[in-house]
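Visitor: File my_file-v2.cif follows (mmCIF, C-alpha atoms):
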data_work
loop_
_atom_site.group_PDB
_atom_site.id
_atom_site.type_symbol
_atom_site.label_atom_id
_atom_site.label_comp_id
_atom_site.auth_asym_id
_atom_site.auth_seq_id
_atom_site.Cartn_x
_atom_site.Cartn_y
_atom_site.Cartn_z
ATOM 1 C CA MET X 1 -0.169 103.931 42.656
ATOM 2 C CA THR X 2 0.195 105.865 45.865
ATOM 3 C CA ARG X 3 -1.598 104.900 49.031
ATOM 4 C CA ASP X 4 -3.945 107.907 48.810
ATOM 5 C CA ASN X 5 -4.828 107.104 45.191
ATOM 6 C CA ALA X 6 -5.471 103.474 46.101
ATOM 7 C CA LEU X 7 -7.715 104.508 49.009
ATOM 8 C CA ARG X 8 -9.565 106.974 46.778
ATOM 9 C CA SER X 9 -10.011 104.238 44.182
ATOM 10 C CA VAL X 10 -11.419 101.795 46.760
ATOM 11 C CA MET X 11 -13.715 104.435 48.234
ATOM 12 C CA ASP X 12 -14.896 105.525 44.781
ATOM 13 C CA LEU X 13 -15.711 101.933 43.879
ATOM 14 C CA TRP X 14 -17.457 101.399 47.211
ATOM 15 C CA HIS X 15 -19.549 104.541 46.767
ATOM 16 C CA ARG X 16 -20.661 103.276 43.347
ATOM 17 C CA VAL X 17 -21.630 99.935 44.923
ATOM 18 C CA GLN X 18 -23.535 101.772 47.683
ATOM 19 C CA ALA X 19 -25.318 103.971 45.144
ATOM 20 C CA ALA X 20 -26.386 100.900 43.176
ATOM 21 C CA ALA X 21 -27.566 99.125 46.339
ATOM 22 C CA ASN X 22 -29.473 102.183 47.545
ATOM 23 C CA HIS X 23 -31.063 102.491 44.117
ATOM 24 C CA PHE X 24 -32.456 98.981 44.605
ATOM 25 C CA GLY X 25 -33.643 99.697 48.147
ATOM 26 C CA GLY X 26 -30.690 98.172 50.016
ATOM 27 C CA ILE X 27 -28.987 99.741 52.993
ATOM 28 C CA MET X 28 -25.229 99.478 53.328
ATOM 29 C CA ALA X 29 -22.905 100.591 56.090
ATOM 30 C CA GLU X 30 -20.154 103.151 55.507
ATOM 31 C CA THR X 31 -16.797 101.550 54.685
ATOM 32 C CA VAL X 32 -13.710 102.657 56.558
ATOM 33 C CA VAL X 33 -10.258 101.623 55.318
ATOM 34 C CA SER X 34 -7.707 101.368 58.103
ATOM 35 C CA LYS X 35 -4.648 103.590 57.790
ATOM 36 C CA GLU X 36 -2.613 100.584 58.939
ATOM 37 C CA MET X 37 -3.697 98.592 55.852
ATOM 38 C CA PRO X 38 -0.759 97.978 53.487
ATOM 39 C CA LEU X 39 -1.015 99.636 50.071
ATOM 40 C CA GLU X 40 -0.560 96.260 48.375
ATOM 41 C CA THR X 41 -3.651 94.859 50.122
ATOM 42 C CA VAL X 42 -5.767 97.890 49.245
ATOM 43 C CA THR X 43 -4.698 97.565 45.598
ATOM 44 C CA LYS X 44 -5.487 93.831 45.516
ATOM 45 C CA VAL X 45 -8.949 94.402 46.974
ATOM 46 C CA THR X 46 -9.641 97.219 44.502
ATOM 47 C CA ASN X 47 -8.551 95.050 41.580
ATOM 48 C CA MET X 48 -10.658 92.136 42.825
ATOM 49 C CA PHE X 49 -13.794 94.309 42.986
ATOM 50 C CA THR X 50 -13.058 95.683 39.529
ATOM 51 C CA ARG X 51 -12.472 92.206 38.056
ATOM 52 C CA LEU X 52 -15.559 90.669 39.665
ATOM 53 C CA GLY X 53 -17.828 93.584 38.824
ATOM 54 C CA GLY X 54 -20.597 91.340 37.526
ATOM 55 C CA SER X 55 -23.064 91.835 34.711
ATOM 56 C CA SER X 56 -25.447 94.713 34.184
ATOM 57 C CA ILE X 57 -29.018 94.400 35.417
ATOM 58 C CA PRO X 58 -31.743 94.976 32.797
ATOM 59 C CA ALA X 59 -33.505 98.346 33.083
ATOM 60 C CA LYS X 60 -36.937 96.715 33.456
ATOM 61 C CA TYR X 61 -35.839 95.462 36.886
ATOM 62 C CA GLU X 62 -35.252 98.891 38.387
ATOM 63 C CA GLY X 63 -37.634 99.833 41.184
ATOM 64 C CA GLY X 64 -39.284 98.285 44.198
ATOM 65 C CA ASP X 65 -39.160 94.559 44.954
ATOM 66 C CA VAL X 66 -36.516 94.083 42.257
ATOM 67 C CA HIS X 67 -34.918 91.021 43.750
ATOM 68 C CA SER X 68 -38.117 88.955 43.779
ATOM 69 C CA ASP X 69 -38.906 89.978 40.201
ATOM 70 C CA LEU X 70 -35.406 89.055 39.063
ATOM 71 C CA ILE X 71 -35.545 85.626 40.659
ATOM 72 C CA ARG X 72 -39.107 84.880 39.570
ATOM 73 C CA SER X 73 -38.228 85.769 35.970
ATOM 74 C CA LEU X 74 -35.828 82.799 35.950
ATOM 75 C CA LEU X 75 -38.558 80.294 36.836
ATOM 76 C CA LYS X 76 -41.337 78.662 34.856
ATOM 77 C CA VAL X 77 -43.732 76.437 36.817
ATOM 78 C CA GLN X 78 -44.161 73.012 35.275
ATOM 79 C CA HIS X 79 -46.258 71.021 37.804
ATOM 80 C CA ILE X 80 -48.063 71.829 41.035
ATOM 81 C CA HIS X 81 -49.426 69.023 43.213
ATOM 82 C CA ARG X 82 -50.195 68.838 46.919
ATOM 83 C CA GLY X 83 -46.794 68.793 48.642
ATOM 84 C CA ARG X 84 -44.789 69.004 45.416
ATOM 85 C CA ILE X 85 -43.786 71.656 42.853
ATOM 86 C CA THR X 86 -41.600 71.312 39.773
ATOM 87 C CA CYS X 87 -40.185 74.338 37.922
ATOM 88 C CA ILE X 88 -37.851 74.922 34.995
ATOM 89 C CA LEU X 89 -35.036 77.355 35.732
ATOM 90 C CA THR X 90 -33.187 79.037 32.870
ATOM 91 C CA VAL X 91 -29.864 80.533 33.967
ATOM 92 C CA LYS X 92 -29.611 84.145 32.729
ATOM 93 C CA PRO X 93 -26.457 86.337 32.664
ATOM 94 C CA TYR X 94 -27.672 88.636 35.469
ATOM 95 C CA ALA X 95 -27.899 85.619 37.820
ATOM 96 C CA CYS X 96 -24.350 84.465 37.068
ATOM 97 C CA ASN X 97 -21.147 84.996 39.006
ATOM 98 C CA ALA X 98 -17.708 85.906 37.631
ATOM 99 C CA TYR X 99 -17.245 82.321 36.429
ATOM 100 C CA ASN X 100 -20.380 82.568 34.245
ATOM 101 C CA THR X 101 -22.234 80.021 36.380
ATOM 102 C CA LEU X 102 -25.369 80.376 38.503
ATOM 103 C CA HIS X 103 -24.533 82.481 41.569
ATOM 104 C CA GLY X 104 -24.849 80.719 44.930
ATOM 105 C CA GLY X 105 -27.022 83.508 46.312
ATOM 106 C CA ALA X 106 -29.417 83.074 43.401
ATOM 107 C CA VAL X 107 -29.633 79.349 44.204
ATOM 108 C CA GLY X 108 -30.564 80.205 47.804
ATOM 109 C CA SER X 109 -33.166 82.782 46.742
ATOM 110 C CA ILE X 110 -34.733 80.421 44.228
ATOM 111 C CA ALA X 111 -34.772 77.631 46.809
ATOM 112 C CA GLU X 112 -36.561 79.889 49.296
ATOM 113 C CA ILE X 113 -39.206 81.043 46.806
ATOM 114 C CA VAL X 114 -39.914 77.524 45.537
ATOM 115 C CA ALA X 115 -39.943 76.117 49.099
ATOM 116 C CA ILE X 116 -42.491 78.721 50.219
ATOM 117 C CA ALA X 117 -44.704 77.897 47.241
ATOM 118 C CA CYS X 118 -44.389 74.172 47.963
ATOM 119 C CA ALA X 119 -45.144 74.600 51.680
ATOM 120 C CA ARG X 120 -48.216 76.676 50.788
ATOM 121 C CA THR X 121 -49.687 73.618 49.033
ATOM 122 C CA VAL X 122 -50.075 71.892 52.424
ATOM 123 C CA VAL X 123 -50.183 74.737 55.001
ATOM 124 C CA ASN X 124 -53.473 76.615 55.372
ATOM 125 C CA LYS X 125 -53.574 80.246 54.329
ATOM 126 C CA ASP X 126 -54.628 81.208 57.839
ATOM 127 C CA LYS X 127 -51.044 80.522 58.983
ATOM 128 C CA ASP X 128 -47.980 82.650 58.247
ATOM 129 C CA LEU X 129 -44.767 80.901 57.248
ATOM 130 C CA PHE X 130 -41.459 82.023 58.742
ATOM 131 C CA LEU X 131 -38.217 80.657 57.368
ATOM 132 C CA GLY X 132 -36.305 79.126 60.268
ATOM 133 C CA GLU X 133 -33.485 77.451 58.365
ATOM 134 C CA LEU X 134 -32.278 77.117 54.788
ATOM 135 C CA SER X 135 -29.363 74.828 54.010
ATOM 136 C CA VAL X 136 -27.811 74.559 50.549
ATOM 137 C CA SER X 137 -25.290 71.992 49.322
ATOM 138 C CA TYR X 138 -23.573 73.103 46.125
ATOM 139 C CA LEU X 139 -22.569 69.976 44.190
ATOM 140 C CA ALA X 140 -21.905 71.219 40.633
ATOM 141 C CA ALA X 141 -22.065 74.409 38.591
ATOM 142 C CA ALA X 142 -24.850 75.370 36.193
ATOM 143 C CA VAL X 143 -23.515 77.466 33.305
ATOM 144 C CA ASN X 144 -25.143 80.488 31.699
ATOM 145 C CA GLN X 145 -28.228 79.606 29.585
ATOM 146 C CA ALA X 146 -28.446 76.101 31.115
ATOM 147 C CA GLU X 147 -31.884 74.760 31.944
ATOM 148 C CA LEU X 148 -32.432 73.155 35.315
ATOM 149 C CA ILE X 149 -35.313 71.267 36.877
ATOM 150 C CA VAL X 150 -36.112 72.576 40.353
ATOM 151 C CA ASP X 151 -38.060 69.926 42.220
ATOM 152 C CA ALA X 152 -39.459 70.737 45.671
ATOM 153 C CA SER X 153 -41.348 68.366 47.930
ATOM 154 C CA VAL X 154 -42.672 68.555 51.466
ATOM 155 C CA VAL X 155 -40.710 66.152 53.657
ATOM 156 C CA ARG X 156 -42.649 66.768 56.848
ATOM 157 C CA SER X 157 -45.546 69.008 57.777
ATOM 158 C CA GLY X 158 -46.960 69.281 61.249
ATOM 159 C CA ARG X 159 -48.934 71.744 63.302
ATOM 160 C CA ASN X 160 -45.989 74.101 63.899
ATOM 161 C CA LEU X 161 -43.276 73.049 61.456
ATOM 162 C CA THR X 162 -42.961 72.315 57.720
ATOM 163 C CA THR X 163 -39.809 70.985 56.051
ATOM 164 C CA VAL X 164 -39.262 71.129 52.285
ATOM 165 C CA ALA X 165 -36.499 69.456 50.246
ATOM 166 C CA ILE X 166 -35.435 71.174 47.009
ATOM 167 C CA GLU X 167 -33.304 69.581 44.297
ATOM 168 C CA PHE X 168 -31.704 71.432 41.359
ATOM 169 C CA LYS X 169 -30.929 69.107 38.399
ATOM 170 C CA LEU X 170 -29.629 69.832 34.906
ATOM 171 C CA LYS X 171 -32.535 69.247 32.530
ATOM 172 C CA ASN X 172 -30.528 67.399 29.878
ATOM 173 C CA SER X 173 -28.443 65.066 32.033
ATOM 174 C CA GLU X 174 -30.481 65.012 35.277
ATOM 175 C CA HIS X 175 -27.150 65.656 37.067
ATOM 176 C CA THR X 176 -27.822 67.187 40.504
ATOM 177 C CA THR X 177 -26.264 70.641 40.937
ATOM 178 C CA SER X 178 -27.646 71.637 44.363
ATOM 179 C CA LEU X 179 -29.594 70.111 47.224
ATOM 180 C CA CYS X 180 -31.496 72.368 49.625
ATOM 181 C CA ARG X 181 -33.625 71.951 52.713
ATOM 182 C CA ALA X 182 -35.915 74.631 54.133
ATOM 183 C CA THR X 183 -37.641 74.543 57.510
ATOM 184 C CA PHE X 184 -40.598 76.844 58.114
ATOM 185 C CA TYR X 185 -42.401 77.731 61.315
ATOM 186 C CA ASN X 186 -46.182 77.790 60.893
ATOM 187 C CA MET X 187 -47.705 80.613 62.913
ATOM 188 C CA PRO X 188 -51.393 81.568 63.062
ATOM 189 C CA VAL X 189 -52.105 85.037 61.699
ATOM 190 C CA ALA X 190 -52.709 87.497 64.525
ATOM 191 C CA SER X 191 -56.160 89.040 64.635
ATOM 192 C CA LEU X 192 -56.370 92.627 65.790
#
Hey, can you dump this file as structure tokens for me?

Guide:
Amino acid sequence: MTRDNALRSVMDLWHRVQAAANHFGGIMAETVVSKEMPLETVTKVTNMFTRLGGSSIPAKYEGGDVHSDLIRSLLKVQHIHRGRITCILTVKPYACNAYNTLHGGAVGSIAEIVAIACARTVVNKDKDLFLGELSVSYLAAAVNQAELIVDASVVRSGRNLTTVAIEFKLKNSEHTTSLCRATFYNMPVASL
């Protein structure tokens, strides 16, 4: 493969990724490949993107606010109590990485959604919640079609700050796969 063909291949792949992202409302910067980049490196990167292409996204998830719909479709609420929420998460192929396990980004998105819902059980609706920090510790993988228990509980809630702990456990073995902690700033809604 010549250098020009390799560059064309990388750019073609990148344009397809950009088109897909733009289709889902994302904005991506233009990619520029340095002329000083060795051909071998360009080829390796191209092959990596081709190998790790990922799974196809179901057609019903095309359109606005796709990401929230995709993540919410993985969850089924089991219990809601003041300061605590428990959900069942079923790992689907579109939320998996190249290793056929739950993608780390999906874990973070699920943690954020569940943490917001949990915080809302103790924070008044007259206050907006702003995510200040989200930390995730990945302890074990959850394979495709696995069922997990996502347990969120409010650790601390004050006038200006709410902290939520989220635990992802395999439903069958209760083995912890991820531990998360979200900190929200509570801000009164501005009146105009």

Visitor: Using Å and a single decimal, report how far atom CA of Ile88 of chain X sits from atom CA of Asn144 of chain X.

Guide: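 These two atoms are separated by 14.3 Å.
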
Visitor: Segment 122-124 of chain X: which residues within 10 Å, counting only C-alpha atoms, same-chain residues fewer than 4 positions away excluded, as a ChimeraX atom specification?

Guide: /X:81-84,116-118,128-129,154,157-162,186,188

Visitor: Which residues match the PyMOL selection byres ((chain X and resi 167-175) around 9) in the file above, as a PyMOL selection string?

Guide: chain X and resi 88-89+107+111+140+142+146-153+165-166+176-181

Visitor: Expand the PyMOL selection byres ((chain X and resi 110) around 9) into the individual residues it matches in the shown file, reporting them as a ChimeraX atom specification.

Guide: /X:71-72,74-75,105-109,111-115,150

Visitor: Just C-alpha atoms for this one: save the residues we selected as a CSV table (one decimal), keeping the file's coordinate frame.

Guide:
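Result saved to part_10.csv:
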chain,number,residue,atom,x,y,z
X,71,ILE,CA,-35.5,85.6,40.7
X,72,ARG,CA,-39.1,84.9,39.6
X,74,LEU,CA,-35.8,82.8,36.0
X,75,LEU,CA,-38.6,80.3,36.8
X,105,GLY,CA,-27.0,83.5,46.3
X,106,ALA,CA,-29.4,83.1,43.4
X,107,VAL,CA,-29.6,79.3,44.2
X,108,GLY,CA,-30.6,80.2,47.8
X,109,SER,CA,-33.2,82.8,46.7
X,111,ALA,CA,-34.8,77.6,46.8
X,112,GLU,CA,-36.6,79.9,49.3
X,113,ILE,CA,-39.2,81.0,46.8
X,114,VAL,CA,-39.9,77.5,45.5
X,115,ALA,CA,-39.9,76.1,49.1
X,150,VAL,CA,-36.1,72.6,40.4

Visitor: As an exercise, work out the distance from atom CA of Ala98 of chain X to atom CA of Ser73 of chain X in Å and give it to one decimal place.

Guide: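 Distance between the two atoms: 20.6 Å.
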
Visitor: If the PyMOL selection byres ((chain X and resi 132) around 8) is run on the structure shown, which residues does it catch, given as a list in words?

Guide: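 Applied to this file, the PyMOL selection byres ((chain X and resi 132) around 8) returns Phe130, Leu131, Glu133, Leu134, Ala182, Thr183, Phe184 and Tyr185 of chain X.
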
Visitor: Could you take the residues named above and write them with C-alpha atoms, as a PDB file, in the frame of the given file?

Guide:
ATOM      1  CA  PHE X 130     -41.459  82.023  58.742  1.00  0.00           C
ATOM      2  CA  LEU X 131     -38.217  80.657  57.368  1.00  0.00           C
ATOM      3  CA  GLU X 133     -33.485  77.451  58.365  1.00  0.00           C
ATOM      4  CA  LEU X 134     -32.278  77.117  54.788  1.00  0.00           C
ATOM      5  CA  ALA X 182     -35.915  74.631  54.133  1.00  0.00           C
ATOM      6  CA  THR X 183     -37.641  74.543  57.510  1.00  0.00           C
ATOM      7  CA  PHE X 184     -40.598  76.844  58.114  1.00  0.00           C
ATOM      8  CA  TYR X 185     -42.401  77.731  61.315  1.00  0.00           C
TER       9      TYR X 185
END

Visitor: In Å to one decimal, how far is atom CA of Leu139 of chain X from atom CA of Val155 of chain X?

Guide: 20.8 Å

Visitor: Please supply segment 144-174 of chain X, rebuilt with N, CA and C atoms, as a PDB file, in the coordinates of the input.

Guide:
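Resulting contents of part.pdb:
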ATOM      1  N   ASN X 144     -24.229  79.521  32.285  1.00  0.00           N
ATOM      2  CA  ASN X 144     -25.143  80.488  31.699  1.00  0.00           C
ATOM      3  C   ASN X 144     -25.958  79.826  30.590  1.00  0.00           C
ATOM      4  N   GLN X 145     -27.256  80.109  30.556  1.00  0.00           N
ATOM      5  CA  GLN X 145     -28.228  79.606  29.585  1.00  0.00           C
ATOM      6  C   GLN X 145     -28.580  78.123  29.775  1.00  0.00           C
ATOM      7  N   ALA X 146     -28.079  77.493  30.833  1.00  0.00           N
ATOM      8  CA  ALA X 146     -28.446  76.101  31.115  1.00  0.00           C
ATOM      9  C   ALA X 146     -29.881  76.064  31.632  1.00  0.00           C
ATOM     10  N   GLU X 147     -30.544  74.960  31.395  1.00  0.00           N
ATOM     11  CA  GLU X 147     -31.884  74.760  31.944  1.00  0.00           C
ATOM     12  C   GLU X 147     -31.807  73.729  33.049  1.00  0.00           C
ATOM     13  N   LEU X 148     -32.433  74.044  34.167  1.00  0.00           N
ATOM     14  CA  LEU X 148     -32.432  73.155  35.315  1.00  0.00           C
ATOM     15  C   LEU X 148     -33.862  72.818  35.700  1.00  0.00           C
ATOM     16  N   ILE X 149     -34.040  71.651  36.283  1.00  0.00           N
ATOM     17  CA  ILE X 149     -35.313  71.267  36.877  1.00  0.00           C
ATOM     18  C   ILE X 149     -35.180  71.517  38.369  1.00  0.00           C
ATOM     19  N   VAL X 150     -36.092  72.315  38.912  1.00  0.00           N
ATOM     20  CA  VAL X 150     -36.112  72.576  40.353  1.00  0.00           C
ATOM     21  C   VAL X 150     -37.311  71.821  40.903  1.00  0.00           C
ATOM     22  N   ASP X 151     -37.021  70.806  41.693  1.00  0.00           N
ATOM     23  CA  ASP X 151     -38.060  69.926  42.220  1.00  0.00           C
ATOM     24  C   ASP X 151     -38.135  70.099  43.734  1.00  0.00           C
ATOM     25  N   ALA X 152     -39.278  70.538  44.230  1.00  0.00           N
ATOM     26  CA  ALA X 152     -39.459  70.737  45.671  1.00  0.00           C
ATOM     27  C   ALA X 152     -40.554  69.811  46.171  1.00  0.00           C
ATOM     28  N   SER X 153     -40.326  69.229  47.340  1.00  0.00           N
ATOM     29  CA  SER X 153     -41.348  68.366  47.930  1.00  0.00           C
ATOM     30  C   SER X 153     -41.346  68.518  49.440  1.00  0.00           C
ATOM     31  N   VAL X 154     -42.530  68.453  50.018  1.00  0.00           N
ATOM     32  CA  VAL X 154     -42.672  68.555  51.466  1.00  0.00           C
ATOM     33  C   VAL X 154     -42.214  67.235  52.075  1.00  0.00           C
ATOM     34  N   VAL X 155     -41.235  67.334  52.974  1.00  0.00           N
ATOM     35  CA  VAL X 155     -40.710  66.152  53.657  1.00  0.00           C
ATOM     36  C   VAL X 155     -41.543  65.853  54.897  1.00  0.00           C
ATOM     37  N   ARG X 156     -41.879  66.917  55.611  1.00  0.00           N
ATOM     38  CA  ARG X 156     -42.649  66.768  56.848  1.00  0.00           C
ATOM     39  C   ARG X 156     -43.468  68.030  57.058  1.00  0.00           C
ATOM     40  N   SER X 157     -44.714  67.861  57.457  1.00  0.00           N
ATOM     41  CA  SER X 157     -45.546  69.008  57.777  1.00  0.00           C
ATOM     42  C   SER X 157     -46.386  68.675  58.997  1.00  0.00           C
ATOM     43  N   GLY X 158     -46.202  69.466  60.019  1.00  0.00           N
ATOM     44  CA  GLY X 158     -46.960  69.281  61.249  1.00  0.00           C
ATOM     45  C   GLY X 158     -47.717  70.541  61.602  1.00  0.00           C
ATOM     46  N   ARG X 159     -48.164  70.600  62.858  1.00  0.00           N
ATOM     47  CA  ARG X 159     -48.934  71.744  63.302  1.00  0.00           C
ATOM     48  C   ARG X 159     -48.100  73.023  63.323  1.00  0.00           C
ATOM     49  N   ASN X 160     -46.824  72.910  63.724  1.00  0.00           N
ATOM     50  CA  ASN X 160     -45.989  74.101  63.899  1.00  0.00           C
ATOM     51  C   ASN X 160     -44.790  74.176  62.972  1.00  0.00           C
ATOM     52  N   LEU X 161     -44.513  73.120  62.228  1.00  0.00           N
ATOM     53  CA  LEU X 161     -43.276  73.049  61.456  1.00  0.00           C
ATOM     54  C   LEU X 161     -43.530  72.385  60.110  1.00  0.00           C
ATOM     55  N   THR X 162     -42.901  72.929  59.053  1.00  0.00           N
ATOM     56  CA  THR X 162     -42.961  72.315  57.720  1.00  0.00           C
ATOM     57  C   THR X 162     -41.561  72.290  57.152  1.00  0.00           C
ATOM     58  N   THR X 163     -41.136  71.133  56.645  1.00  0.00           N
ATOM     59  CA  THR X 163     -39.809  70.985  56.051  1.00  0.00           C
ATOM     60  C   THR X 163     -39.963  70.626  54.576  1.00  0.00           C
ATOM     61  N   VAL X 164     -39.198  71.327  53.731  1.00  0.00           N
ATOM     62  CA  VAL X 164     -39.262  71.129  52.285  1.00  0.00           C
ATOM     63  C   VAL X 164     -37.866  70.809  51.771  1.00  0.00           C
ATOM     64  N   ALA X 165     -37.762  69.797  50.905  1.00  0.00           N
ATOM     65  CA  ALA X 165     -36.499  69.456  50.246  1.00  0.00           C
ATOM     66  C   ALA X 165     -36.566  69.972  48.812  1.00  0.00           C
ATOM     67  N   ILE X 166     -35.494  70.615  48.351  1.00  0.00           N
ATOM     68  CA  ILE X 166     -35.435  71.174  47.009  1.00  0.00           C
ATOM     69  C   ILE X 166     -34.213  70.614  46.309  1.00  0.00           C
ATOM     70  N   GLU X 167     -34.403  70.137  45.071  1.00  0.00           N
ATOM     71  CA  GLU X 167     -33.304  69.581  44.297  1.00  0.00           C
ATOM     72  C   GLU X 167     -33.201  70.332  42.972  1.00  0.00           C
ATOM     73  N   PHE X 168     -31.990  70.778  42.634  1.00  0.00           N
ATOM     74  CA  PHE X 168     -31.704  71.432  41.359  1.00  0.00           C
ATOM     75  C   PHE X 168     -30.978  70.407  40.484  1.00  0.00           C
ATOM     76  N   LYS X 169     -31.553  70.074  39.307  1.00  0.00           N
ATOM     77  CA  LYS X 169     -30.929  69.107  38.399  1.00  0.00           C
ATOM     78  C   LYS X 169     -30.827  69.722  37.005  1.00  0.00           C
ATOM     79  N   LEU X 170     -29.734  69.423  36.299  1.00  0.00           N
ATOM     80  CA  LEU X 170     -29.629  69.832  34.906  1.00  0.00           C
ATOM     81  C   LEU X 170     -30.702  69.107  34.112  1.00  0.00           C
ATOM     82  N   LYS X 171     -31.413  69.829  33.260  1.00  0.00           N
ATOM     83  CA  LYS X 171     -32.535  69.247  32.530  1.00  0.00           C
ATOM     84  C   LYS X 171     -32.083  68.147  31.569  1.00  0.00           C
ATOM     85  N   ASN X 172     -30.978  68.369  30.879  1.00  0.00           N
ATOM     86  CA  ASN X 172     -30.528  67.399  29.878  1.00  0.00           C
ATOM     87  C   ASN X 172     -29.990  66.109  30.487  1.00  0.00           C
ATOM     88  N   SER X 173     -29.127  66.246  31.496  1.00  0.00           N
ATOM     89  CA  SER X 173     -28.443  65.066  32.033  1.00  0.00           C
ATOM     90  C   SER X 173     -29.017  64.562  33.353  1.00  0.00           C
ATOM     91  N   GLU X 174     -29.925  65.337  33.959  1.00  0.00           N
ATOM     92  CA  GLU X 174     -30.481  65.012  35.277  1.00  0.00           C
ATOM     93  C   GLU X 174     -29.397  64.944  36.358  1.00  0.00           C
TER      94      GLU X 174
END
